[in-house]
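*Asks:* Right, I'll just put the structure down here and ask away after.
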Amino acid sequence: MTERHRRTVAHPSFTEILPGPRSRVRRHADVLELGDEATWAIDLPDGYASLVITLLVSHGQRPLYIPGRAVNRASGSYRGEGKTDARDALIIADQARMRRDLSPLRAADEAMAELKFLTARRTDLVCDRTRASNRLRGLLAGIFPALERELNLANLGPLTGYQPPGTIRRLGASRLEKWLRGRGARWSAALARTAVEAASHQHTAVPGEQAAARLVQALALELIDLDRKIAELDEEIAKAFRSHPYAEIVTSMPGIGPLLGAEFLAATSGDMALFGSADRLATYAGLAPTPRDSGRVSGNLYCPTRYHRGLQRVFYMSAMSSIHYCPESRCYYQRKGAEGKRHTQAVLALARRRVNVLWALLRDGRRFEPAHPAAGTA
C-alpha cells in the first residue's frame, strides 16, 4: 500500500482535536481524506485520552495503543534530543507504522467506565491516607516516641485532642481515662495507662511541641475523614460491581470479594478475548517469568518489570486470602512450601495457578465449584 493510501496519525497531547464537536468531526474527516486507510496510534489507554478513543471508535476507527515506555525508549534512535509534541507524534506514528504487535483500544461501556473511575478514586484516597498516617507517625516520633510505638491508627479518636507529654502527666490515668471514654475511645483504660506510663518516662520538652500537637490533631481529623470517604466509596464500588454480569463468576473464586473483583474488572474489562490465553493474562499481571537467554546461557528466568501492578495485587491478595478459606489453595501453598519455596514464592505460584482458573471460568461463563472430597475420605 502506498503512502498516499495509508496514513498513520498520532498526537500525544490531543489538544488540537478537542475544541468542540464540529471541529472534532471536521478534523477526523480531514484525516480520512488523506488516504483510503488511516491508522490511529495513542500513547494513553484511558484518562485524558478517553474522549479521543470514544470519538474514534464511534466513527468506526481502530485506535492502537503504544505504551509510553516504548515511545520513550524508541526516541533514542531518532535524530535530536529535544522533546516536543511534534517529535513525540512523529515517533508514535513511525512506531505504529512499523510494529504489528500493538493492541487495539476499545471504548469502555458505562458499567466498566464507572468501575474504573471508582477504583482509581479509591486508590487515590488510600494513598492519601498512607501519606497522612506517615506524617502523623513522623510528628509523634519526634515529640513523643513512646506513645508512637504503642499507637494504633485504628483508634484515632483520642488524637483529635492530643496533648504533649507534660499535660498528660498532669492529667493522670483516671482523669485521662474519663476524658477518653467521653470521646467514645475504644480501650480507654488501657490507652490511658499506656499514655501516662509513656509520659512518665519523658520529662524533656521538645521545642515546638505545642505546634506539633496542633498538627497531630489536624492530621487525626484528616485521617478520620479519609476513613469515612473510603468506607462510603467501598459501598459504592460494591454496588456497581454487583450489577456487572461477571460479578457472580468473579466472586465465586475463593478470596475475591467486591473490591478485588472490581479492581480485576477495571484492569481487564472482564473480556478474556483481549488476552487470548491464560498465559497472556498472567504475563499482563506480572505472574509469568521472563526469559533472559543469551548465547550459550539459557534457562534464565527473571521477574518481569513491565506489568500491571494493580492486577498483580488482585491475584496476590486473593491468593493470600484463599489460603485461609479454600482447602485446595491451602494444599497447593503447602506443597510449594514443601518443595523449598519461600512464603512469597509459594503465594505467587498459587496466584499464577488461580489466573488459569479465573480465565477459564470467564471464558466458559460458569462459577467456581470446589473439588469434592474423594469417597471414603473424611
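Chain identifiers are assigned as A, B, and so on, following the order in which chains appear in the C-alpha cells; residues are numbered from 1 within each chain, and ligands are numbered from 1 in order of appearance.
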From segment 144-207 of chain A, collect each residue whose DSSP state is helix (DSSP H, G or I) and return the set as JSON, numbers by chain.

*Replies:* {"A": [145, 146, 147, 148, 149, 150, 157, 158, 159, 160, 161, 165, 166, 167, 168, 169, 170, 171, 172, 173, 174, 175, 176, 177, 178, 179, 180, 181, 182, 188, 189, 190, 191, 192, 193, 194, 195, 196, 197, 198, 199, 200]}

*Asks:* If you run DSSP over the backbone, which residues in segment 75-317 of chain A end up strand (DSSP E or B)? Put them as a compact mmCIF listing (two decimals) with all heavy atoms, in the first residue's frame.

*Replies:*
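Output (out13.txt):
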# COMPACT_ATOMS: atom_id res chain seq x y z
N SER A 103 -1.73 -3.33 20.61
CA SER A 103 -3.09 -3.76 20.96
C SER A 103 -4.10 -2.68 20.58
O SER A 103 -3.85 -1.49 20.77
CB SER A 103 -3.19 -4.04 22.46
OG SER A 103 -2.25 -5.01 22.86
N PRO A 104 -5.25 -3.09 20.06
CA PRO A 104 -6.30 -2.09 19.75
C PRO A 104 -6.98 -1.60 21.01
O PRO A 104 -7.07 -2.33 22.01
CB PRO A 104 -7.26 -2.87 18.85
CG PRO A 104 -7.08 -4.30 19.26
CD PRO A 104 -5.64 -4.45 19.64
N THR A 290 10.04 -14.02 32.98
CA THR A 290 10.56 -13.54 31.71
C THR A 290 11.92 -14.17 31.44
O THR A 290 12.82 -14.09 32.28
CB THR A 290 10.70 -12.01 31.74
OG1 THR A 290 9.42 -11.43 32.00
CG2 THR A 290 11.23 -11.49 30.41
N PRO A 291 12.09 -14.83 30.27
CA PRO A 291 13.41 -15.42 29.97
C PRO A 291 14.42 -14.36 29.57
O PRO A 291 14.08 -13.39 28.88
CB PRO A 291 13.09 -16.37 28.81
CG PRO A 291 11.90 -15.78 28.15
CD PRO A 291 11.09 -15.11 29.24
N SER A 294 20.96 -15.67 26.46
CA SER A 294 21.92 -15.03 25.57
C SER A 294 23.03 -16.02 25.25
O SER A 294 23.70 -16.52 26.17
CB SER A 294 22.52 -13.77 26.23
OG SER A 294 23.49 -13.17 25.39
N VAL A 297 24.04 -19.28 27.24
CA VAL A 297 23.33 -19.20 28.52
C VAL A 297 21.83 -19.26 28.26
O VAL A 297 21.28 -18.41 27.55
CB VAL A 297 23.69 -17.90 29.27
CG1 VAL A 297 22.94 -17.84 30.59
CG2 VAL A 297 25.19 -17.82 29.49
N LEU A 301 15.43 -17.20 34.12
CA LEU A 301 14.09 -16.64 34.26
C LEU A 301 14.12 -15.55 35.33
O LEU A 301 14.66 -15.76 36.42
CB LEU A 301 13.08 -17.73 34.65
CG LEU A 301 12.91 -18.87 33.63
CD1 LEU A 301 11.94 -19.91 34.17
CD2 LEU A 301 12.42 -18.33 32.29
N TYR A 302 13.54 -14.40 35.00
CA TYR A 302 13.54 -13.25 35.90
C TYR A 302 12.11 -12.74 36.07
O TYR A 302 11.23 -13.00 35.25
CB TYR A 302 14.42 -12.13 35.35
CG TYR A 302 15.90 -12.43 35.38
CD1 TYR A 302 16.49 -13.18 34.39
CD2 TYR A 302 16.70 -11.95 36.41
CE1 TYR A 302 17.85 -13.46 34.41
CE2 TYR A 302 18.05 -12.22 36.45
CZ TYR A 302 18.63 -12.97 35.44
OH TYR A 302 19.97 -13.24 35.48

*Asks:* Give me the residues near segment 233-238 of chain A as a PyMOL selection string, where near means some atom within 10 Å (using only C-alpha atoms) and where sequence neighbours in that chain fewer than 5 positions away do not count.

*Replies:* chain A and resi 114-119+121-122+125+227-228+243+247+257-263

*Asks:* Selection from above, N, CA and C atoms, as an mmCIF file, in the first residue's frame, can you write it?

*Replies:*
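Result file follows (part-v2.cif):
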data_model
loop_
_atom_site.group_PDB
_atom_site.id
_atom_site.type_symbol
_atom_site.label_atom_id
_atom_site.label_comp_id
_atom_site.auth_asym_id
_atom_site.auth_seq_id
_atom_site.Cartn_x
_atom_site.Cartn_y
_atom_site.Cartn_z
ATOM 1 N N GLU A 114 -17.525 3.230 34.934
ATOM 2 C CA GLU A 114 -17.826 3.587 36.324
ATOM 3 C C GLU A 114 -16.891 2.864 37.279
ATOM 4 N N LEU A 115 -16.654 1.578 37.055
ATOM 5 C CA LEU A 115 -15.753 0.821 37.914
ATOM 6 C C LEU A 115 -14.332 1.370 37.850
ATOM 7 N N LYS A 116 -13.881 1.746 36.667
ATOM 8 C CA LYS A 116 -12.527 2.282 36.530
ATOM 9 C C LYS A 116 -12.377 3.589 37.289
ATOM 10 N N PHE A 117 -13.350 4.465 37.163
ATOM 11 C CA PHE A 117 -13.278 5.752 37.863
ATOM 12 C C PHE A 117 -13.326 5.557 39.387
ATOM 13 N N LEU A 118 -14.219 4.670 39.852
ATOM 14 C CA LEU A 118 -14.374 4.478 41.291
ATOM 15 C C LEU A 118 -13.139 3.826 41.903
ATOM 16 N N THR A 119 -12.602 2.794 41.247
ATOM 17 C CA THR A 119 -11.411 2.133 41.797
ATOM 18 C C THR A 119 -10.200 3.051 41.758
ATOM 19 N N ARG A 121 -10.321 6.306 42.054
ATOM 20 C CA ARG A 121 -10.539 7.251 43.149
ATOM 21 C C ARG A 121 -10.207 6.610 44.488
ATOM 22 N N ARG A 122 -10.563 5.355 44.666
ATOM 23 C CA ARG A 122 -10.248 4.680 45.930
ATOM 24 C C ARG A 122 -8.738 4.554 46.108
ATOM 25 N N LEU A 125 -7.477 7.835 47.381
ATOM 26 C CA LEU A 125 -7.787 8.058 48.790
ATOM 27 C C LEU A 125 -6.908 7.211 49.701
ATOM 28 N N ASP A 227 -10.999 7.937 56.242
ATOM 29 C CA ASP A 227 -11.603 6.632 56.516
ATOM 30 C C ASP A 227 -13.085 6.630 56.172
ATOM 31 N N ARG A 228 -13.761 7.720 56.490
ATOM 32 C CA ARG A 228 -15.188 7.816 56.164
ATOM 33 C C ARG A 228 -15.401 7.814 54.651
ATOM 34 N N SER A 243 -23.696 -5.172 40.045
ATOM 35 C CA SER A 243 -24.576 -5.016 38.876
ATOM 36 C C SER A 243 -23.915 -5.493 37.586
ATOM 37 N N ALA A 247 -19.993 -10.432 37.876
ATOM 38 C CA ALA A 247 -19.744 -10.314 39.312
ATOM 39 C C ALA A 247 -19.841 -11.665 40.011
ATOM 40 N N GLY A 257 -13.429 -10.717 46.758
ATOM 41 C CA GLY A 257 -14.653 -10.054 47.157
ATOM 42 C C GLY A 257 -15.005 -8.923 46.202
ATOM 43 N N PRO A 258 -15.959 -8.081 46.572
ATOM 44 C CA PRO A 258 -16.373 -6.996 45.664
ATOM 45 C C PRO A 258 -15.254 -6.027 45.308
ATOM 46 N N LEU A 259 -14.383 -5.683 46.273
ATOM 47 C CA LEU A 259 -13.334 -4.702 45.988
ATOM 48 C C LEU A 259 -12.289 -5.269 45.036
ATOM 49 N N LEU A 260 -11.755 -6.449 45.343
ATOM 50 C CA LEU A 260 -10.779 -7.061 44.449
ATOM 51 C C LEU A 260 -11.412 -7.418 43.117
ATOM 52 N N GLY A 261 -12.671 -7.841 43.141
ATOM 53 C CA GLY A 261 -13.358 -8.136 41.881
ATOM 54 C C GLY A 261 -13.525 -6.901 41.015
ATOM 55 N N ALA A 262 -13.847 -5.766 41.641
ATOM 56 C CA ALA A 262 -13.980 -4.524 40.875
ATOM 57 C C ALA A 262 -12.636 -4.101 40.297
ATOM 58 N N GLU A 263 -11.560 -4.258 41.076
ATOM 59 C CA GLU A 263 -10.234 -3.914 40.557
ATOM 60 C C GLU A 263 -9.839 -4.833 39.402
#

*Asks:* For atom CA of His324 of chain A and atom CA of Ala267 of chain A, quote the distance in Å rounded to one decimal.

*Replies:*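 Straight-line distance from atom CA of His324 of chain A to atom CA of Ala267 of chain A works out to 25.5 Å.
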
*Asks:* In Å, with one decimal, what is the gap from atom CA of Ala93 of chain A to atom CA of Tyr284 of chain A?

*Replies:*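 Those two atoms sit 24.3 Å apart.
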
*Asks:* What gap, in Å, lies between atom CA of Leu64 of chain A and atom CA of Arg292 of chain A?

*Replies:*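 Between these atoms lies a distance of 27.8 Å.
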
*Asks:* Write out as a list in words which residues come within 10 Å of segment 184-196 of chain A when counting only C-alpha atoms, dropping same-chain ones fewer than 6 positions away.

*Replies:*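 Final neighbour list, sorted by chain and number: Phe144, Ala146, Leu147, Glu148, Glu150, Leu151, Asn152, Ala154, Asn155, Leu156, Gly157, Pro158, Leu159, Pro165, Gly166, Thr167, Ile168, Arg169, Arg170, Leu171, Gly172, Ala173, Ser174, Arg175, Leu176, Glu177 and Lys178 of chain A.
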
*Asks:* Which residue, A:Ser329, A:Gln217, A:Ser298, A:Thr283, has the smallest gap to Pro254 of chain A when you use only C-alpha atoms?

*Replies:*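 Comparing A:Ser329, A:Gln217, A:Ser298, A:Thr283 against Pro254 of chain A, the winner is A:Ser329.
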
*Asks:* With segment 337-361 of chain A as the partner and 8 Å as the cut-off, tabulate the residues of segment 241-272 of chain A that qualify, each row holding the nearest pair of atoms and their distance in Å to one decimal, using only C-alpha atoms, sorted by chain and rising number, as JSON lines.

*Replies:*
{"residue": "A:Ile249", "atom": "CA", "partner": "A:Leu361", "partner_atom": "CA", "distance": 6.9}
{"residue": "A:Val250", "atom": "CA", "partner": "A:Leu358", "partner_atom": "CA", "distance": 7.2}
{"residue": "A:Met253", "atom": "CA", "partner": "A:Leu358", "partner_atom": "CA", "distance": 7.3}
{"residue": "A:Met272", "atom": "CA", "partner": "A:Trp359", "partner_atom": "CA", "distance": 6.7}

*Asks:* Could the residues in this selection be saved with C-alpha atoms as a compact mmCIF listing (two decimals), in the first residue's frame?

*Replies:*
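out-v9.txt written:
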# COMPACT_ATOMS: atom_id res chain seq x y z
CA ILE A 249 -18.39 -15.57 38.40
CA VAL A 250 -15.51 -13.49 39.73
CA MET A 253 -13.40 -17.67 43.31
CA MET A 272 -10.77 -12.61 28.18

*Asks:* Any idea what's packed within 9 Å of Arg135 of chain A, counting only C-alpha atoms, ignoring anything in its chain fewer than 5 positions away? Could you give it as a list in words?

*Replies:*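 The filter keeps Thr130, Leu140, Val216 and Leu219 of chain A.
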
*Asks:* Residues near Ala211 of chain A, anyone? I mean within 12 Å using only C-alpha atoms, not counting same-chain ones fewer than 6 positions away, as an mmCIF file with C-alpha atoms, in the first residue's frame.

*Replies:*
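Output file selection.cif follows:
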data_model
loop_
_atom_site.group_PDB
_atom_site.id
_atom_site.type_symbol
_atom_site.label_atom_id
_atom_site.label_comp_id
_atom_site.auth_asym_id
_atom_site.auth_seq_id
_atom_site.Cartn_x
_atom_site.Cartn_y
_atom_site.Cartn_z
ATOM 1 C CA LEU A 139 5.371 14.022 64.150
ATOM 2 C CA LEU A 140 4.685 11.778 67.135
ATOM 3 C CA ILE A 143 7.926 14.676 70.191
ATOM 4 C CA TYR A 162 -3.830 15.174 71.655
ATOM 5 C CA GLN A 163 -1.675 16.930 74.252
ATOM 6 C CA PRO A 164 2.112 16.901 74.896
ATOM 7 C CA GLN A 217 -4.898 16.878 65.962
ATOM 8 C CA ALA A 218 -5.413 18.154 62.402
#

*Asks:* Between A:Asn300, A:Cys326, A:Leu311, A:Arg363, which has the minimum distance to Ser277 of chain A (counting only C-alpha atoms)?

*Replies:*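 The answer is A:Arg363, which sits nearest to Ser277 of chain A.
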